[in-house]
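Structure first, commentary second.
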Number of protein chains: 4
Amino acid sequence: MDIRSKRFQTKVHNRRVILEAARGVFGREGYRTATVRDIINATPLASGTFYNYFRSKEEVYAALRDEIALEIRPLLRAERQQAWSADDFVTGTFRAFLSHAEQRAQSLAAIDVQDDQMSAGMRTIVMGDDLRHDIDSAIQRGLFAELDAELLAAAIVGIAFEVANVMRQRKHTDVKSAARFCSELILRGVASLPVTVSAIAK
Amino acid sequence: MDIRSKRFQTKVHNRRVILEAARGVFGREGYRTATVRDIINATPLASGTFYNYFRSKEEVYAALRDEIALEIRPLLRAERQQAWSADDFVTGTFRAFLSHAEQRAQSLAAIDVQDDQMSAGMRTIVMGDDLRHDIDSAIQRGLFAELDAELLAAAIVGIAFEVANVMRQRKHTDVKSAARFCSELILRGVASLPVTVSAIAK
Amino acid sequence: MDIRSKRFQTKVHNRRVILEAARGVFGREGYRTATVRDIINATPLASGTFYNYFRSKEEVYAALRDEIALEIRPLLRAERQQAWSADDFVTGTFRAFLSHAEQRAQSLAAIDVQDDQMSAGMRTIVMGDDLRHDIDSAIQRGLFAELDAELLAAAIVGIAFEVANVMRQRKHTDVKSAARFCSELILRGVASLPVTVSAIAK
Amino acid sequence: MDIRSKRFQTKVHNRRVILEAARGVFGREGYRTATVRDIINATPLASGTFYNYFRSKEEVYAALRDEIALEIRPLLRAERQQAWSADDFVTGTFRAFLSHAEQRAQSLAAIDVQDDQMSAGMRTIVMGDDLRHDIDSAIQRGLFAELDAELLAAAIVGIAFEVANVMRQRKHTDVKSAARFCSELILRGVASLPVTVSAIAK
DNA sequence: CATGAATGAGACTTCATTCAT
DNA sequence: CATGAATGAAGTCTCATTCAT
């Protein structure tokens, strides 16, 4: 189809519209509670139209997740591949992730569904696999000792998502301090954590 | 009702039966996909009987979660309240959690669901709230500096659950090394992590 | 379940109710046009109840068809197995079939759906297989010469159903004359057919 | 529109394409199960185009049926109008029908649907009405006695279609013997049927 | 005319929950 | 209390048909 035809434009636009609606609905109602109809109703489109774009709720979910992954993964990879030190590597990762998480709080909430069936892999898709691979590379480059990359990746992912959750619940989030907190923890441990007040305005 | 009466025994027993069935079904099918009917069908009981014990799927889930929390929280608290050093505090926490997670792998898989509003707090309920409180106490006792207890708790919880996930997927899990890995990470950072082979037999 | 319990009685009764409703709806609207909802609406039952008894429209159809077959086949078989002559055999078959068709006009209309997918076998199920088998037996017993039983069965079935159709459309049907007409045709051919007026009051 | 114009040619061609597709789809999937979309998908055309040629599935069906009727009816009429004897009349009918049925097996399978109100008359439209009229004429001409023409027509139609069905299922079909079988049956009855082997190679 | 996405009515079906036995 | 059939709201999805391009 001609990429400039009105037809094509509408198709692209409608797909966008549905994805945005899904993002909102998932964020507001939660994945489980949300229905295809809810998504459609958050749209000027007719119910049948949904099925011209996605075969099921699962499929929009996957598309949304992939879209977010596509946004965030290159950012994270770039940070890490340029890293000349473990510090850069870890700090860059947390900073990029948390800052993205702040901007796209709703998206992340919409997507952070955990269920043995499907989303066991969600965090992995958005962050984990790349991370593990990059840790391996970093080990080759001598940034890290020969440690268990899979475990380290799991730990970083765990921290990142849990901390992002906390940030989402706090009114004023200070991405920088939160990122510093996480990085210090990973790099030098609890003893080196920023003291006084709280790292993030509560 | 007399606690030794036949009827009371049956009631207790049926409740158990339903909870065990739910544990299995949630673990196998995932919380979201599982239906009340699935749970009953994994039981010799009739569908109506379910409602003599629980009002909904959510409620069985909560009961299961609380049961697990009730098992694990005292263990963790004991470890931490006896702790005379940050080392003891952190190491005790990970060791107790991961060892329990290994024994009750299915249970944990069954309830480690992130979904809707409800489960945003699941990990927190099983582990986090106590942890935060204990960290605050530990700060009082001078074990930790005055750091952001909420964030630290989030980080520990995130690591613990993600690492437990990894352990579940690996064939031979070595709780001790995994716990050491986590503790070292939190206490002294990535630089002090056990090197060589892998911390856990892969 | 106790066959005399109220529960059991209701189950039997509801199944009957649904089958009767289906018979009526199929007869009135035709199989294709009829919907499960139409059937349920012709019933005091709730929509979900349908699915406690049948899995789909096809399944009610099949049940109905089998029920009719179960009613009519023994009658036809009895007629033919007692037959001492080709005359008895053929006449008995037509008489029994057409008389039954008259009484159960609606049922037969409901059931006489022809479609390569499913009902290619319908006429066969109600009439054909038995007939062919009985013709073979009759050949053994010397009632017929060694002719092509399958073709003869097809011919008889074709005549029977088409004539039943005609009867259904005529106001006053005279089963006896119609049966005689068919029998004479099969037995001795067109030359021996009853002359004058019409065999069946138009 | 100019009958030789490009546009006219295309119109004729598209109509053909749709009809052929419908023929295939009805034959393969059955009329009931087939959807307009199935038919279009069996075509290089777009869905909207269908409606430039037919208003509905029913209408394609009718067109297909009429096309077949248009092919076969003149052949049958010719045979019968030339007939100087009941023998010629009947034999010609069966021979022409079955031989045509053999050549157009798929077409016939596609439209031999019995369903709802519509198709009650399908066999009649393809064969029956003419037949009845011709029988009446034949009675005038003295070929037949004054019998019930409608019933005789029904009988002949029933035999013809059912036997055609059998032929379609058999590997090697011998149109001549099958036609002889039917004719003898109608003309002189079961006693005069060809004995030995089977009338048609099984 | 051809195209093919949009439409939306409505069919199908599941499932939590109730309630007579 | 246990039972399990009945209920009917609600969700999923298909498909004939329309209509802007």
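Chain labels run A, B, ... following the order of the structure tokens; each chain numbers its residues from 1, and ligands are numbered from 1 in the order shown.
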10 Å contact set for DT7 of chain F, only C-alpha atoms (C1' of nucleotides), chain neighbours under 6 positions out, as a list of chain:residue names: C:Leu45, C:Ala46, C:Ser47, C:Gly48, C:Thr49, E:DT17, E:DT18
I need the chosen residues saved as a PDB file, in the first residue's frame, with N, CA and C atoms (P, O5', C5', C4', C3', O3' and C1' of nucleotides).
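Everything below was put into selection.pdb:
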ATOM      1  N   LEU C  45     -35.995 -21.573  30.447  1.00  0.00           N
ATOM      2  CA  LEU C  45     -34.653 -21.668  31.044  1.00  0.00           C
ATOM      3  C   LEU C  45     -33.770 -20.472  30.716  1.00  0.00           C
ATOM      4  N   ALA C  46     -32.673 -20.381  31.420  1.00  0.00           N
ATOM      5  CA  ALA C  46     -31.711 -19.307  31.199  1.00  0.00           C
ATOM      6  C   ALA C  46     -30.678 -19.745  30.173  1.00  0.00           C
ATOM      7  N   SER C  47     -30.040 -18.773  29.565  1.00  0.00           N
ATOM      8  CA  SER C  47     -29.158 -19.084  28.441  1.00  0.00           C
ATOM      9  C   SER C  47     -28.039 -20.050  28.829  1.00  0.00           C
ATOM     10  N   GLY C  48     -27.447 -19.815  29.987  1.00  0.00           N
ATOM     11  CA  GLY C  48     -26.346 -20.678  30.385  1.00  0.00           C
ATOM     12  C   GLY C  48     -26.759 -22.132  30.533  1.00  0.00           C
ATOM     13  N   THR C  49     -28.001 -22.341  30.877  1.00  0.00           N
ATOM     14  CA  THR C  49     -28.475 -23.700  31.111  1.00  0.00           C
ATOM     15  C   THR C  49     -28.350 -24.579  29.868  1.00  0.00           C
TER      16      THR C  49
ATOM     17  P    DT E  17     -17.890 -14.209  42.785  1.00  0.00           P
ATOM     18  O5'  DT E  17     -19.369 -14.745  43.035  1.00  0.00           O
ATOM     19  C5'  DT E  17     -20.441 -14.063  42.410  1.00  0.00           C
ATOM     20  C4'  DT E  17     -21.718 -14.844  42.553  1.00  0.00           C
ATOM     21  C3'  DT E  17     -22.040 -15.367  43.954  1.00  0.00           C
ATOM     22  O3'  DT E  17     -23.273 -14.770  44.342  1.00  0.00           O
ATOM     23  C1'  DT E  17     -22.519 -16.981  42.311  1.00  0.00           C
ATOM     24  P    DT E  18     -23.863 -14.933  45.767  1.00  0.00           P
ATOM     25  O5'  DT E  18     -25.236 -15.685  45.456  1.00  0.00           O
ATOM     26  C5'  DT E  18     -26.000 -15.232  44.353  1.00  0.00           C
ATOM     27  C4'  DT E  18     -27.108 -16.225  44.061  1.00  0.00           C
ATOM     28  C3'  DT E  18     -27.890 -16.689  45.281  1.00  0.00           C
ATOM     29  O3'  DT E  18     -29.248 -16.740  44.905  1.00  0.00           O
ATOM     30  C1'  DT E  18     -27.043 -18.565  44.152  1.00  0.00           C
TER      31       DT E  18
END
Contacts of DA11 of chain E within 10 Å, only C-alpha atoms (C1' of nucleotides), excl. fewer than 2 positions in-chain, as a list of chain:residue names: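 In the requested form, the answer reads C:Thr35, C:Val36, C:Arg37, E:DA9, E:DT13, F:DC13, F:DT14.
Using only C-alpha atoms (C1' of nucleotides) for every distance, the candidate list D:Phe50, D:Phe97, D:Phe181, D:Phe8 yields D:Phe50 as the residue closest to DT17 of chain F.
If you look at atom CA of Gly189 of chain B and atom CA of Arg104 of chain B, they are 28.6 Å away from each other.
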Close residues, Val60 of chain B itself excluded, 8 Å, only C-alpha atoms (C1' of nucleotides), min 4 positions apart in chain, as number ranges by chain: B: 19, 22, 54, 56, 64
Long-range neighbours of segment 130-138 of chain A as a PyMOL selection string, 7 Å cut-off, only C-alpha atoms (C1' of nucleotides), 3 positions minimum in chain: chain A and resi 127+141-144+149-150+153
Residues near DT21 of chain F, cut-off 10 Å, only C-alpha atoms (C1' of nucleotides), skip fewer than 5 positions along chain, as a list in words: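 Here the answer would be Ser5, Lys6 and Arg7 of chain A; DT3 of chain E.
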Every residue of segment 54-176 of chain A that DSSP places in helix (DSSP H, G or I), as an MDAnalysis selection string: chainID A and resid 57:81 86:103 105:111 119:140 149:169 175:176
Distance query Thr43 of chain B at most 7 Å, only C-alpha atoms (C1' of nucleotides), self and fewer than 2 positions along chain excluded, as a list in words: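 Surrounding residues, per the criterion: Val17, Ile18, Ala21, Ile39, Ile40, Asn41 and Leu45 of chain B.
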Within 10 Å of chain D, which residues of chain E come that close, and what is the closest atom pair and distance in Å for each? Count only C-alpha atoms (C1' of nucleotides) and give it as a Markdown table.
| residue | atom | partner | partner_atom | distance |
| --- | --- | --- | --- | --- |
| E:DC1 | C1' | D:Thr49 | CA | 8.3 |
| E:DA2 | C1' | D:Thr49 | CA | 6.3 |
| E:DT3 | C1' | D:Ala46 | CA | 5.9 |
| E:DG4 | C1' | D:Ala46 | CA | 6.5 |
